[in-house]
Amino acid sequence: MALALALPPLNFKPQCSSTSSSSSSSSTNYRPAVILPGLGNNTGDYKKLELTLQEYGVPTVVAKVSRIDWLRNAAGLVDPSYWKGTLQPRPVLDWYLKRVDDAVQEAKELPQGGKLSLIGHSAGGWLARVYMEEFGLSHISLLLTLGTPHLPPPKGLPGVIDQTRGLLYYVEKHCKKAVYTPELKYVCIAGRYLQGAPLFNDSKMDVDSVITIDDQPISDVAVVKNKTDSTSVSITFRTRFVGQGYKQVCGQADVWGDGVVPEVSAHLDGALNISLDGVYHSPVGSDDESRPWYGSPAVVEQWIHHLLS
């Protein structure tokens, strides 16, 4: 049974000073955190998030990834399984897993090292699950994902192509299921920045309907909605465009999401699942005031307690 929380819109005002955050946590040694960058992102995109976490007293290491590094994934094109849609994470993503392990080892050497928190943004969230499967999880006490497309798209839907070419099906089948226990906690955070719309069909579908994969409901949290924000949608070119992106991820266009990843895809059965209104997907193109992303200070304030417990 999944645990789910739907939180009200955030009030994006300047946060309390770092002095108050630092002073409140200076006497406490919180476990270090390792940030796993999302697809196309680089280490520098998370610098502000790193500093924000450090202000709370959380030692933080960001896995060293450059934008050009992601071109390494093109190696998968020569793998027949890519074209069959049965691609596996290794060896195509070995380079990324190595960067994560380097960051983990660095964090473990910190004075507060030992147990760690992994923070996976976007694809970094499901890649964290692959890392935990391949490298072990005895040193991990928390996996917190931010806008991660955890679930593979439904098969057999017209116009829907698995953008990961089978990687998410592999993760779903081979990686350990999410749990929320004293020893290991999975916390999955989804953003509700924009509701998509169908490309051509103006008729509005029920956004509270449960999407299914292989006749099984994705998750109990697929029906958790903030009704006050889901009652009316202005259909524009933008919502249609975003809706097509959502459709490639979850099979449905008229759902809520962070502008890239649908809310329903960012939650995992068995995890503590949280939805935050008004939160955008990426640090690139974000603005702390008008378009805050998961790592904006006011948004971090909503989930930081999971790293401090």
# chains A, B, ... in the order shown; residues from 1 in each chain; ligands from 1
$ residues_around --residues "Gly124 of chain A" --least-positions-apart "2" --cutoff "8 Å" --atoms "only C-alpha atoms" --output "list in words"
Leu36, Pro37, Gly38, Leu39, Ile119, Gly120, His121, Ser122, Trp126, Leu127, Ala128, Thr145 and Thr148 of chain A
$ write_last_selection --atoms "C-alpha atoms" --output "PDB file, in the first residue's frame"
ATOM      1  CA  LEU A  36      22.282  12.240  -8.689  1.00  0.00           C
ATOM      2  CA  PRO A  37      21.800  14.588 -11.682  1.00  0.00           C
ATOM      3  CA  GLY A  38      18.988  14.078 -14.158  1.00  0.00           C
ATOM      4  CA  LEU A  39      19.259  13.372 -17.862  1.00  0.00           C
ATOM      5  CA  ILE A 119      18.669  12.391  -3.833  1.00  0.00           C
ATOM      6  CA  GLY A 120      17.827  11.481  -7.406  1.00  0.00           C
ATOM      7  CA  HIS A 121      16.506  14.170  -9.732  1.00  0.00           C
ATOM      8  CA  SER A 122      14.545  13.027 -12.781  1.00  0.00           C
ATOM      9  CA  TRP A 126      15.606   5.443 -11.182  1.00  0.00           C
ATOM     10  CA  LEU A 127      19.352   5.336 -11.807  1.00  0.00           C
ATOM     11  CA  ALA A 128      19.726   5.480  -8.016  1.00  0.00           C
ATOM     12  CA  THR A 145      13.451  11.229  -5.725  1.00  0.00           C
ATOM     13  CA  THR A 148      11.577  10.878 -11.398  1.00  0.00           C
TER      14      THR A 148
END
$ residues_around --residues "segment 233-246 of chain A" --least-positions-apart "3" --cutoff "8 Å" --atoms "only C-alpha atoms" --output "number ranges by chain"
A: 194-199, 230, 249-255, 257, 259-262
$ residues_around --residues "Asp101 of chain A" --least-positions-apart "6" --cutoff "9 Å" --atoms "only C-alpha atoms" --output "ChimeraX atom specification"
/A:63,131,135
$ write_last_selection --atoms "C-alpha atoms" --output "PDB file, in the first residue's frame"
ATOM      1  CA  ALA A  63      27.927  13.273  -8.650  1.00  0.00           C
ATOM      2  CA  TYR A 131      22.934   1.784  -8.345  1.00  0.00           C
ATOM      3  CA  PHE A 135      26.397  -1.747  -5.684  1.00  0.00           C
TER       4      PHE A 135
END
$ select_by_dssp --residues "segment 117-298 of chain A" --states "strand (DSSP E)" --output "PyMOL selection string"
chain A and resi 117-121+140-146+185-192+194-195+212-213+216-217+256-257+272-277
$ residues_around --residues "Tyr82 of chain A" --least-positions-apart "3" --cutoff "12 Å" --atoms "only C-alpha atoms" --output "list of chain:residue names"
A:Asn73, A:Ala74, A:Ala75, A:Gly76, A:Leu77, A:Val78, A:Asp79, A:Gly85, A:Thr86, A:Leu87, A:Gln88, A:Pro89, A:Val92, A:Asp162, A:Gln163, A:Thr164, A:Arg165, A:Gly166, A:Leu167
$ closest_residue --among "A:Leu49, A:Ala271, A:Pro111, A:Ile35" --to "His150 of chain A" --atoms "only C-alpha atoms"
A:Ala271
$ select_by_dssp --residues "segment 58-114 of chain A" --states "helix (DSSP H, G or I)" --output "PyMOL selection string"
chain A and resi 67-78+80-84+94-108
$ write_last_selection --atoms "N, CA, C and O atoms" --output "compact mmCIF listing (two decimals), in the first residue's frame"
# COMPACT_ATOMS: atom_id res chain seq x y z
N ARG A 67 27.34 17.86 -19.28
CA ARG A 67 26.30 17.65 -20.29
C ARG A 67 26.79 16.74 -21.41
O ARG A 67 26.06 15.89 -21.91
N ILE A 68 28.03 16.91 -21.79
CA ILE A 68 28.56 16.11 -22.89
C ILE A 68 28.68 14.64 -22.50
O ILE A 68 28.67 13.75 -23.38
N ASP A 69 28.76 14.37 -21.20
CA ASP A 69 28.82 12.98 -20.76
C ASP A 69 27.63 12.16 -21.24
O ASP A 69 27.75 10.95 -21.49
N TRP A 70 26.49 12.83 -21.34
CA TRP A 70 25.27 12.10 -21.70
C TRP A 70 25.33 11.55 -23.13
O TRP A 70 24.55 10.65 -23.48
N LEU A 71 26.24 12.08 -23.94
CA LEU A 71 26.40 11.55 -25.29
C LEU A 71 26.92 10.11 -25.26
O LEU A 71 26.80 9.38 -26.25
N ARG A 72 27.48 9.71 -24.12
CA ARG A 72 27.95 8.34 -23.98
C ARG A 72 26.80 7.34 -24.16
O ARG A 72 27.02 6.18 -24.54
N ASN A 73 25.59 7.80 -23.85
CA ASN A 73 24.44 6.90 -23.96
C ASN A 73 24.18 6.48 -25.41
O ASN A 73 23.47 5.50 -25.65
N ALA A 74 24.76 7.23 -26.36
CA ALA A 74 24.59 6.86 -27.77
C ALA A 74 25.18 5.50 -28.07
O ALA A 74 24.86 4.89 -29.09
N ALA A 75 26.02 5.00 -27.17
CA ALA A 75 26.58 3.65 -27.36
C ALA A 75 25.47 2.61 -27.43
O ALA A 75 25.65 1.54 -28.03
N GLY A 76 24.34 2.93 -26.82
CA GLY A 76 23.23 1.99 -26.84
C GLY A 76 22.64 1.79 -28.22
O GLY A 76 21.96 0.79 -28.48
N LEU A 77 22.91 2.71 -29.13
CA LEU A 77 22.35 2.61 -30.48
C LEU A 77 22.87 1.39 -31.23
O LEU A 77 22.22 0.91 -32.16
N VAL A 78 24.05 0.93 -30.87
CA VAL A 78 24.63 -0.23 -31.56
C VAL A 78 24.20 -1.54 -30.92
O VAL A 78 24.57 -2.62 -31.39
N PRO A 80 21.46 -4.21 -30.30
CA PRO A 80 20.17 -4.63 -30.89
C PRO A 80 19.00 -4.50 -29.92
O PRO A 80 17.87 -4.26 -30.35
N SER A 81 19.27 -4.63 -28.63
CA SER A 81 18.19 -4.53 -27.65
C SER A 81 17.60 -3.13 -27.60
O SER A 81 16.45 -2.95 -27.19
N TYR A 82 18.39 -2.13 -28.02
CA TYR A 82 17.86 -0.76 -28.07
C TYR A 82 16.68 -0.70 -29.03
O TYR A 82 15.63 -0.11 -28.74
N TRP A 83 16.86 -1.31 -30.20
CA TRP A 83 15.82 -1.25 -31.23
C TRP A 83 14.66 -2.18 -30.92
O TRP A 83 13.55 -1.98 -31.41
N LYS A 84 14.92 -3.18 -30.09
CA LYS A 84 13.84 -4.07 -29.66
C LYS A 84 13.08 -3.51 -28.46
O LYS A 84 12.04 -4.05 -28.08
N ASP A 94 27.14 2.38 -17.38
CA ASP A 94 28.22 2.12 -16.41
C ASP A 94 28.97 3.39 -16.04
O ASP A 94 29.39 3.57 -14.89
N TRP A 95 29.14 4.28 -17.01
CA TRP A 95 29.86 5.53 -16.75
C TRP A 95 29.16 6.34 -15.65
O TRP A 95 29.82 6.90 -14.78
N TYR A 96 27.81 6.39 -15.71
CA TYR A 96 27.04 7.16 -14.73
C TYR A 96 27.11 6.49 -13.37
O TYR A 96 27.30 7.15 -12.34
N LEU A 97 26.95 5.17 -13.34
CA LEU A 97 26.99 4.45 -12.07
C LEU A 97 28.34 4.62 -11.40
O LEU A 97 28.42 4.70 -10.16
N LYS A 98 29.41 4.68 -12.20
CA LYS A 98 30.75 4.90 -11.64
C LYS A 98 30.84 6.29 -11.00
O LYS A 98 31.43 6.45 -9.92
N ARG A 99 30.27 7.31 -11.65
CA ARG A 99 30.28 8.67 -11.08
C ARG A 99 29.50 8.71 -9.77
O ARG A 99 29.90 9.40 -8.82
N VAL A 100 28.40 7.99 -9.73
CA VAL A 100 27.61 7.95 -8.50
C VAL A 100 28.41 7.27 -7.40
O VAL A 100 28.46 7.75 -6.26
N ASP A 101 29.05 6.16 -7.73
CA ASP A 101 29.82 5.45 -6.71
C ASP A 101 30.99 6.30 -6.21
O ASP A 101 31.30 6.28 -5.02
N ASP A 102 31.61 7.05 -7.11
CA ASP A 102 32.69 7.96 -6.68
C ASP A 102 32.16 8.98 -5.67
O ASP A 102 32.81 9.28 -4.66
N ALA A 103 30.97 9.53 -5.96
CA ALA A 103 30.37 10.51 -5.05
C ALA A 103 29.99 9.87 -3.72
O ALA A 103 30.15 10.47 -2.65
N VAL A 104 29.48 8.65 -3.78
CA VAL A 104 29.10 7.94 -2.55
C VAL A 104 30.34 7.69 -1.69
O VAL A 104 30.32 7.89 -0.47
N GLN A 105 31.42 7.26 -2.32
CA GLN A 105 32.65 7.01 -1.55
C GLN A 105 33.17 8.30 -0.92
O GLN A 105 33.66 8.30 0.21
N GLU A 106 33.07 9.41 -1.66
CA GLU A 106 33.48 10.70 -1.12
C GLU A 106 32.64 11.08 0.09
O GLU A 106 33.16 11.57 1.11
N ALA A 107 31.32 10.86 -0.01
CA ALA A 107 30.42 11.20 1.09
C ALA A 107 30.68 10.32 2.31
O ALA A 107 30.61 10.79 3.45
N LYS A 108 31.02 9.06 2.07
CA LYS A 108 31.27 8.14 3.18
C LYS A 108 32.54 8.51 3.96
O LYS A 108 32.68 8.15 5.13
$ closest_residue --among "A:Gly191, A:Gly159, A:Pro283, A:Pro149" --to "Ser265 of chain A" --atoms "only C-alpha atoms"
A:Pro149
$ closest_residue --among "A:Ser309, A:Ser296, A:Asn273, A:Gln302" --to "Glu50 of chain A" --atoms "only C-alpha atoms"
A:Ser296
$ residues_around --residues "Gly278 of chain A" --least-positions-apart "5" --cutoff "9 Å" --atoms "only C-alpha atoms" --output "list in words"
Pro9, Leu10, Gly191, Arg192, Tyr193, Leu194, Asp258, Arg291, Pro292 and Trp293 of chain A
$ atom_distance --atom1 "atom CA of Tyr56 of chain A" --atom2 "atom CA of Gly44 of chain A"
19.7 Å
$ atom_distance --atom1 "atom CA of Arg129 of chain A" --atom2 "atom CA of Gly147 of chain A"
14.3 Å
